[in-house]
Amino acid sequence: MSMSFARTAPLGFAAALLVTFASPTFAHVTLAEGQATSGTSYKGVLKVPHGCGEAATTAIKVTIPEGVVSVKPQPKAGWTLALEKGPYEKTYDVMHGKAVKEGVKTITWSGGTLPNAYYDEFVFIAYLAPQAQATKLYFPVLQSCEGASADWAQIPQEGGPRPEYPAPALKLAAAAMPAAGTTTFKAGTLTIEQPWARATPGGAKVAGGYVKITNTGTLPDKLVGGSFERAGRFEVHEMSMNNGIMTMRPVSGGLDIAPGASVMLAPGGFHMMFMDLKQPLKEGDSVKGTLTFEKAGTVDVVFDVRGIGASAPAAGTMGGMSGMEHQH
Ligand SMILES: [Cu+2]
């Protein structure tokens, strides 16, 4: 067996080389920088190495994928810019506390002429929303020419053939911050780490919120309340055993944050309860809120919404207020 493997391996290698050389010499429309880290800004440079066959390029339209926000195109002399805007599937927290729900979906440069014999670049800048896992984003480009067009929109399939007109791709590394998160907010001597909320099934009117609070000072403080943008009410709860049954109830007088101590609000223990939800929480959402401390006062925070976990989606009605768009 090992002999036959040794003999076939070089053949397979040669065949792979052959395929590479046999693919069209015809260059594609691509992004100059094909790799980036999510959670950072990105300069997208679309390289246009030729026309549509011999025909000169007269327009370039790029479609911006979900998760690429705060897009700004670079104007080009001799070309007219047009932007299409629309809502995003998710809400993004671009700068802390600034929720972004809509933005540029397509950019079109048109009215210029780029002869087939020439090369040019079309540039935009953007922010790549943080992703917990590495992924690949595609930026389909419609290249219009005099009497012809080329639609660079094919998404390669894993293990499938190389598409003839692949969409420009960007390999996105996971955000520098781990999925567990290190989004930190400060209030005096308190450090507030990674506030998050659990996603809700359709009809749920309550959600749990979690956070780690560390008191680096020498005086005790207390978490006495707060707010959650999509909730009518906010409470701090504790879990306790009552006749063998786990129940939760509001912490009376606030939750102590002793000097030098870290207090974890986590599933199964202390937690925040967001009640009278006006809108369901979807994984990936960012929701503004506040935490109020007895001494440190009220701090603005952003809650990242994480998966529901094992809960099945509720099929029930959405309730009276869920149809209401909560604008900010
Ligand atoms: Cu609770």
# chains A, B, ... in the order shown; residues from 1 in each chain; ligands from 1
call {"tool": "residues_around", "arguments": {"residues": "A:Ala56", "least_positions_apart": "2", "cutoff": "12 Å", "atoms": "only C-alpha atoms", "output": "JSON, numbers by chain"}}
result
{"A": [48, 49, 50, 51, 52, 53, 54, 58, 59, 60, 111, 112, 113, 114, 115, 116, 117, 118, 119, 120, 143, 144, 145, 146, 147, 148, 149, 150]}
call {"tool": "write_last_selection", "arguments": {"atoms": "C-alpha atoms", "output": "mmCIF file, in the first residue's frame"}}
result
data_model
loop_
_atom_site.group_PDB
_atom_site.id
_atom_site.type_symbol
_atom_site.label_atom_id
_atom_site.label_comp_id
_atom_site.auth_asym_id
_atom_site.auth_seq_id
_atom_site.Cartn_x
_atom_site.Cartn_y
_atom_site.Cartn_z
ATOM 1 C CA VAL A 48 -9.635 45.976 -12.798
ATOM 2 C CA PRO A 49 -6.995 44.523 -15.128
ATOM 3 C CA HIS A 50 -8.970 44.439 -18.388
ATOM 4 C CA GLY A 51 -12.247 45.251 -20.094
ATOM 5 C CA CYS A 52 -15.017 42.858 -21.044
ATOM 6 C CA GLY A 53 -13.117 41.064 -23.776
ATOM 7 C CA GLU A 54 -11.786 43.959 -25.860
ATOM 8 C CA THR A 58 -17.542 52.096 -18.406
ATOM 9 C CA ALA A 59 -18.888 51.216 -14.951
ATOM 10 C CA ILE A 60 -17.937 49.217 -11.869
ATOM 11 C CA GLY A 111 -19.383 57.470 -16.795
ATOM 12 C CA GLY A 112 -15.655 56.933 -17.215
ATOM 13 C CA THR A 113 -13.785 54.942 -19.831
ATOM 14 C CA LEU A 114 -11.112 52.412 -19.011
ATOM 15 C CA PRO A 115 -9.731 50.902 -22.238
ATOM 16 C CA ASN A 116 -9.005 47.174 -22.206
ATOM 17 C CA ALA A 117 -5.297 47.953 -22.636
ATOM 18 C CA TYR A 118 -5.218 49.859 -19.335
ATOM 19 C CA TYR A 119 -5.416 48.959 -15.655
ATOM 20 C CA ASP A 120 -7.135 50.890 -12.888
ATOM 21 C CA GLN A 143 -18.242 45.299 -14.684
ATOM 22 C CA SER A 144 -20.082 47.138 -17.452
ATOM 23 C CA CYS A 145 -18.397 47.859 -20.754
ATOM 24 C CA GLU A 146 -19.295 49.325 -24.136
ATOM 25 C CA GLY A 147 -21.857 46.795 -25.373
ATOM 26 C CA ALA A 148 -20.865 44.066 -22.914
ATOM 27 C CA SER A 149 -20.603 43.245 -19.236
ATOM 28 C CA ALA A 150 -18.912 40.795 -16.881
#
call {"tool": "residues_near_ligand", "arguments": {"ligand": "ligand 1", "cutoff": "6 Å", "atoms": "only C-alpha atoms and all ligand atoms", "output": "PDB file with C-alpha atoms, in the first residue's frame"}}
result
ATOM      1  CA  HIS A 237     -31.719  38.974  40.194  1.00  0.00           C
ATOM      2  CA  MET A 248     -34.978  33.798  41.096  1.00  0.00           C
ATOM      3  CA  MET A 273     -33.343  40.563  33.967  1.00  0.00           C
TER       4      MET A 273
END
call {"tool": "select_by_dssp", "arguments": {"residues": "stretch 82-308 of chain A", "states": "strand (DSSP E)", "output": "PyMOL selection string"}}
result
chain A and resi 82-93+99-114+120-128+135-138+141-145+148-152+169-173+184-187+190-198+207-215+221-228+231-242+245-250+255-257+262-265+271-277+286-293+297-306
call {"tool": "write_last_selection", "arguments": {"atoms": "C-alpha atoms", "output": "CSV table (one decimal), in the first residue's frame"}}
result
chain,number,residue,atom,x,y,z
A,82,ALA,CA,-23.6,56.5,-6.9
A,83,LEU,CA,-24.4,54.8,-3.6
A,84,GLU,CA,-27.3,52.6,-2.7
A,85,LYS,CA,-28.1,52.5,1.0
A,86,GLY,CA,-30.3,50.1,3.0
A,87,PRO,CA,-30.8,48.4,6.3
A,88,TYR,CA,-28.4,45.8,7.6
A,89,GLU,CA,-29.5,42.4,8.8
A,90,LYS,CA,-28.0,43.1,12.1
A,91,THR,CA,-27.2,46.1,14.2
A,92,TYR,CA,-23.5,46.9,14.6
A,93,ASP,CA,-21.7,48.7,17.3
A,99,ALA,CA,-25.4,51.4,17.0
A,100,VAL,CA,-25.3,51.2,13.2
A,101,LYS,CA,-28.4,49.7,11.5
A,102,GLU,CA,-28.0,50.7,7.9
A,103,GLY,CA,-25.5,51.9,5.4
A,104,VAL,CA,-24.0,51.6,1.9
A,105,LYS,CA,-25.0,48.4,0.1
A,106,THR,CA,-23.6,49.1,-3.3
A,107,ILE,CA,-21.1,51.5,-4.8
A,108,THR,CA,-21.2,52.4,-8.5
A,109,TRP,CA,-18.5,54.3,-10.4
A,110,SER,CA,-19.8,55.1,-13.9
A,111,GLY,CA,-19.4,57.5,-16.8
A,112,GLY,CA,-15.7,56.9,-17.2
A,113,THR,CA,-13.8,54.9,-19.8
A,114,LEU,CA,-11.1,52.4,-19.0
A,120,ASP,CA,-7.1,50.9,-12.9
A,121,GLU,CA,-8.3,50.6,-9.3
A,122,PHE,CA,-11.5,51.5,-7.5
A,123,VAL,CA,-11.2,52.2,-3.8
A,124,PHE,CA,-13.4,52.3,-0.8
A,125,ILE,CA,-12.8,52.2,3.0
A,126,ALA,CA,-15.0,50.3,5.5
A,127,TYR,CA,-15.1,48.8,8.9
A,128,LEU,CA,-15.2,45.1,9.2
A,135,THR,CA,-15.0,33.7,7.6
A,136,LYS,CA,-14.9,34.7,4.0
A,137,LEU,CA,-16.7,37.7,2.6
A,138,TYR,CA,-17.5,38.2,-1.1
A,141,VAL,CA,-18.6,43.2,-8.9
A,142,LEU,CA,-20.6,44.0,-12.0
A,143,GLN,CA,-18.2,45.3,-14.7
A,144,SER,CA,-20.1,47.1,-17.5
A,145,CYS,CA,-18.4,47.9,-20.8
A,148,ALA,CA,-20.9,44.1,-22.9
A,149,SER,CA,-20.6,43.2,-19.2
A,150,ALA,CA,-18.9,40.8,-16.9
A,151,ASP,CA,-20.6,39.7,-13.6
A,152,TRP,CA,-17.9,38.8,-11.1
A,169,ALA,CA,-13.1,37.6,-1.9
A,170,LEU,CA,-11.8,38.8,1.5
A,171,LYS,CA,-10.5,36.2,4.0
A,172,LEU,CA,-11.5,37.5,7.3
A,173,ALA,CA,-9.7,36.4,10.5
A,184,THR,CA,-14.6,46.7,28.8
A,185,PHE,CA,-16.3,49.8,30.3
A,186,LYS,CA,-15.0,51.8,33.2
A,187,ALA,CA,-16.8,53.6,35.9
A,190,LEU,CA,-15.1,49.7,38.6
A,191,THR,CA,-14.2,47.7,35.5
A,192,ILE,CA,-17.2,46.3,33.6
A,193,GLU,CA,-16.3,43.4,31.3
A,194,GLN,CA,-18.2,42.1,28.3
A,195,PRO,CA,-21.9,42.8,29.1
A,196,TRP,CA,-24.0,40.3,27.1
A,197,ALA,CA,-27.6,39.2,26.8
A,198,ARG,CA,-29.1,36.0,25.7
A,207,ALA,CA,-34.1,38.1,28.7
A,208,GLY,CA,-31.1,37.5,30.9
A,209,GLY,CA,-28.1,39.8,31.0
A,210,TYR,CA,-24.6,39.0,32.2
A,211,VAL,CA,-21.4,40.8,33.0
A,212,LYS,CA,-18.3,40.7,35.1
A,213,ILE,CA,-17.7,43.6,37.4
A,214,THR,CA,-14.4,44.2,39.2
A,215,ASN,CA,-13.8,46.7,41.9
A,221,ASP,CA,-20.0,49.7,45.8
A,222,LYS,CA,-23.3,48.2,44.7
A,223,LEU,CA,-25.0,47.5,41.5
A,224,VAL,CA,-28.4,49.0,42.1
A,225,GLY,CA,-30.0,49.1,38.7
A,226,GLY,CA,-29.7,50.0,35.1
A,227,SER,CA,-31.5,50.1,31.8
A,228,PHE,CA,-31.7,48.1,28.6
A,231,ALA,CA,-36.7,46.6,27.7
A,232,GLY,CA,-39.3,48.3,29.7
A,233,ARG,CA,-37.8,47.2,33.0
A,234,PHE,CA,-34.4,46.2,34.4
A,235,GLU,CA,-33.8,44.2,37.5
A,236,VAL,CA,-30.9,42.6,39.2
A,237,HIS,CA,-31.7,39.0,40.2
A,238,GLU,CA,-30.3,36.2,42.3
A,239,MET,CA,-31.0,32.5,42.1
A,240,SER,CA,-31.9,30.7,45.2
A,241,MET,CA,-33.1,27.3,46.3
A,242,ASN,CA,-36.6,27.2,47.7
A,245,ILE,CA,-36.7,24.4,43.5
A,246,MET,CA,-34.4,26.9,41.9
A,247,THR,CA,-36.1,30.3,41.8
A,248,MET,CA,-35.0,33.8,41.1
A,249,ARG,CA,-35.8,37.0,42.8
A,250,PRO,CA,-34.6,40.6,42.8
A,255,LEU,CA,-25.6,43.7,44.5
A,256,ASP,CA,-22.4,44.2,46.6
A,257,ILE,CA,-19.2,44.8,44.7
A,262,SER,CA,-14.8,40.5,40.9
A,263,VAL,CA,-18.5,39.7,40.7
A,264,MET,CA,-19.7,37.5,37.9
A,265,LEU,CA,-23.2,37.8,36.7
A,271,HIS,CA,-28.0,38.1,36.5
A,272,MET,CA,-29.8,41.1,35.1
A,273,MET,CA,-33.3,40.6,34.0
A,274,PHE,CA,-34.6,42.6,31.1
A,275,MET,CA,-38.4,42.6,31.2
A,276,ASP,CA,-41.2,43.9,28.9
A,277,LEU,CA,-39.0,43.4,25.9
A,286,SER,CA,-25.7,45.1,20.0
A,287,VAL,CA,-28.0,46.8,22.4
A,288,LYS,CA,-27.3,49.9,24.4
A,289,GLY,CA,-28.0,50.0,28.1
A,290,THR,CA,-26.7,51.4,31.4
A,291,LEU,CA,-25.6,50.0,34.7
A,292,THR,CA,-26.2,52.1,37.8
A,293,PHE,CA,-23.9,51.9,40.8
A,297,GLY,CA,-23.1,56.3,39.2
A,298,THR,CA,-24.6,55.4,35.8
A,299,VAL,CA,-22.4,54.0,33.1
A,300,ASP,CA,-23.3,53.5,29.4
A,301,VAL,CA,-22.6,50.0,28.2
A,302,VAL,CA,-23.4,47.9,25.1
A,303,PHE,CA,-24.7,44.4,25.5
A,304,ASP,CA,-23.7,41.9,22.8
A,305,VAL,CA,-26.5,39.4,22.1
A,306,ARG,CA,-25.4,35.8,22.1
call {"tool": "closest_residue", "arguments": {"among": "A:Arg162, A:Gly78, A:Gly217, A:Ala129", "to": "A:Asp285", "atoms": "only C-alpha atoms"}}
result
A:Ala129
call {"tool": "atom_distance", "arguments": {"atom1": "atom CA of A:Lys43", "atom2": "atom CA of A:Pro130"}}
result
15.9 Å
call {"tool": "select_by_dssp", "arguments": {"residues": "stretch 3-228 of chain A", "states": "helix (DSSP H, G or I)", "output": "PyMOL selection string"}}
result
chain A and resi 3-22
call {"tool": "atom_distance", "arguments": {"atom1": "atom CA of A:Val251", "atom2": "atom CA of A:Thr183"}}
result
25.3 Å
call {"tool": "atom_distance", "arguments": {"atom1": "atom CA of A:Glu283", "atom2": "atom CA of A:Gly67"}}
result
13.5 Å
